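Novice: This is the structure I want to talk about, given as structure tokens.
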Amino acid sequence: MVGQWWSVILTSAAPISELRGGIPLAMAGFHWPWWQAFVVAVLANWLSSVVWLGFLVVGADWARRKIKLIDKFLNWLYARTQAKHEKSFARWGSLALIIFIGIPLPMTGAWSGAVAAVIFGIPWRRALWLLLAGIVAAGVIVTLVTASAMGLVL
């Protein structure tokens with residue numbers, strides 16, 4: 001049982017699979033109840049994204065101060081990304097980040113959402129709660145889809 005817990009936690013915390021892999025693993029692979037799969041996967045995904053967000057904030061700030069080439073690259077990346085997506089963020093505000101994280105598609109999720117939060121200058125504490133809201137939305141969607149595929153009624 002401990003091995004199952006770690007498998008679900010690590011799958012949900014990983015940057016590519018996130019809870020989109022953890023919930024189906026727990027429900028279909030290990031036959032956990034939906035609520036247990038949801039709670040463990042959401043918490044693991046959120047905690048790993050909080051660590052990633054903190055690394056991005058501290059690491060990017062340090063790298064920008066110490067390495068001019070990285071500062072130049074990050075300035076270019078931030079300006080390019082902001083120009084490309086500023087209309088969506090201006091129109092939808094924080095909801096844009098929640099939707100970006102919450103829709104379970106490739107290259108979206110909490111880890112990518114943390115990068116977006118840093119690029120768009122969302123304050124760290126606010127970003128934590130926006131990440132959680134998006135992760136919960138994704139968790140609800142993935143849990144419902146997994147339950148439906150398994151023929152479960154929630």
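Quick note on naming: the chains in the structure tokens go A, B, ... in the order shown, residues restart at 1 in each chain, and ligands are numbered from 1 in order of appearance.
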What are the nearest atom pairs, with distances in Å to one decimal, for all residues of segment 47-80 of chain A that come at most 8 Å from segment 7-16 of chain A, using only C-alpha atoms, set out by chain and rising residue number as CSV?
Specialist:
```
residue,atom,partner,partner_atom,distance
A:Leu47,CA,A:Ala13,CA,7.6
A:Ser48,CA,A:Ala13,CA,5.3
A:Ser49,CA,A:Ala13,CA,7.6
```
Novice: So that I can check the surroundings of segment 22-26 of chain A, please list as a ChimeraX atom specification every protein, DNA and RNA residue that reaches within 10 Å of it, counting only C-alpha atoms and ignoring chain neighbours fewer than 4 positions away.
Specialist: /A:4-5,7-14,17-18,30-42,44-45,139-140,142-143,145-147,149-150
Novice: Could the residues in this selection be written to a file with C-alpha atoms, as a compact mmCIF listing (two decimals), in the first residue's frame?
Specialist:
```
# COMPACT_ATOMS: atom_id res chain seq x y z
CA GLN A 4 0.89 2.77 -4.18
CA TRP A 5 0.84 6.01 -2.20
CA SER A 7 3.48 6.04 -6.95
CA VAL A 8 0.44 8.33 -6.93
CA ILE A 9 2.27 11.12 -5.10
CA LEU A 10 5.28 11.06 -7.42
CA THR A 11 3.16 10.77 -10.56
CA SER A 12 0.99 13.68 -9.45
CA ALA A 13 4.01 15.77 -8.52
CA ALA A 14 5.92 15.16 -11.75
CA SER A 17 2.03 13.78 -15.80
CA GLU A 18 0.89 15.90 -12.85
CA PHE A 30 -4.94 0.86 -7.62
CA HIS A 31 -8.75 0.95 -7.23
CA TRP A 32 -8.72 3.82 -4.75
CA PRO A 33 -11.99 5.62 -4.02
CA TRP A 34 -12.37 8.75 -6.16
CA TRP A 35 -12.16 11.14 -3.21
CA GLN A 36 -8.88 9.64 -1.96
CA ALA A 37 -7.33 9.78 -5.43
CA PHE A 38 -8.50 13.38 -5.83
CA VAL A 39 -7.17 14.62 -2.47
CA VAL A 40 -3.77 12.92 -2.69
CA ALA A 41 -3.20 13.94 -6.33
CA VAL A 42 -4.29 17.55 -5.80
CA ALA A 44 0.93 16.38 -4.35
CA ASN A 45 0.50 18.46 -7.52
CA GLY A 139 -8.66 17.45 -10.56
CA VAL A 140 -12.43 17.63 -10.83
CA VAL A 142 -9.81 14.31 -14.51
CA THR A 143 -11.70 12.57 -11.69
CA VAL A 145 -13.48 11.60 -16.84
CA THR A 146 -11.70 8.71 -15.10
CA ALA A 147 -14.83 7.71 -13.18
CA ALA A 149 -14.35 5.73 -18.25
CA MET A 150 -14.45 3.20 -15.44
```
Novice: Segment 12-126 of chain A: which residues are helix (DSSP H, G or I) by DSSP, as a PyMOL selection string?
Specialist: chain A and resi 12-13+18-29+34-66+68-92+94-102+110-119+124-126
Novice: When distances are computed from only C-alpha atoms, which of A:Val115, A:Ala138, A:Leu43, A:Leu19 shows the smallest separation from Leu56 of chain A?
Specialist: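 Comparing A:Val115, A:Ala138, A:Leu43, A:Leu19 against Leu56 of chain A, the winner is A:Val115.
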Novice: Which residues, written as a PDB file with C-alpha atoms, in the first residue's frame, have at least one atom at most 10 Å from Arg64 of chain A, with only C-alpha atoms counted and residues fewer than 5 positions away on the same chain left out?
Specialist:
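This is the output file part-v8.pdb:
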```pdb
ATOM      1  CA  GLY A  59      16.268  31.308  -9.180  1.00  0.00           C
ATOM      2  CA  LEU A  69      23.115  36.641 -20.739  1.00  0.00           C
ATOM      3  CA  ILE A  70      20.334  35.051 -18.682  1.00  0.00           C
ATOM      4  CA  ASP A  71      18.978  38.489 -17.802  1.00  0.00           C
ATOM      5  CA  LYS A  72      18.895  39.396 -21.474  1.00  0.00           C
ATOM      6  CA  PHE A  73      17.238  36.090 -22.416  1.00  0.00           C
ATOM      7  CA  LEU A  74      14.614  36.364 -19.651  1.00  0.00           C
ATOM      8  CA  ASN A  75      13.835  39.963 -20.627  1.00  0.00           C
TER       9      ASN A  75
END
```
Novice: Record the distance separating atom CA of Ser94 of chain A and atom CA of Leu130 of chain A, expressed in Å with one decimal.
Specialist: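 Calculated distance between atom CA of Ser94 of chain A and atom CA of Leu130 of chain A is 7.1 Å.
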Novice: To one decimal place in Å, what is the distance between atom CA of Ala117 of chain A and atom CA of Ala60 of chain A?
Specialist: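 Atom-to-atom, atom CA of Ala117 of chain A and atom CA of Ala60 of chain A are spaced 12.6 Å apart.
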Novice: What is the distance between atom CA of Gly102 of chain A and atom CA of Trp46 of chain A, in Å to one decimal?
Specialist: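 Interatomic distance here is 12.3 Å.
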Novice: I'd like the contact shell of Trp129 of chain A - 12 Å cut-off, only C-alpha atoms, skipping same-chain residues fewer than 4 positions apart - returned as a ChimeraX atom specification.
Specialist: /A:46-47,49-50,53,94-95,97-98,101,110,113-114,117,122-125,133-136
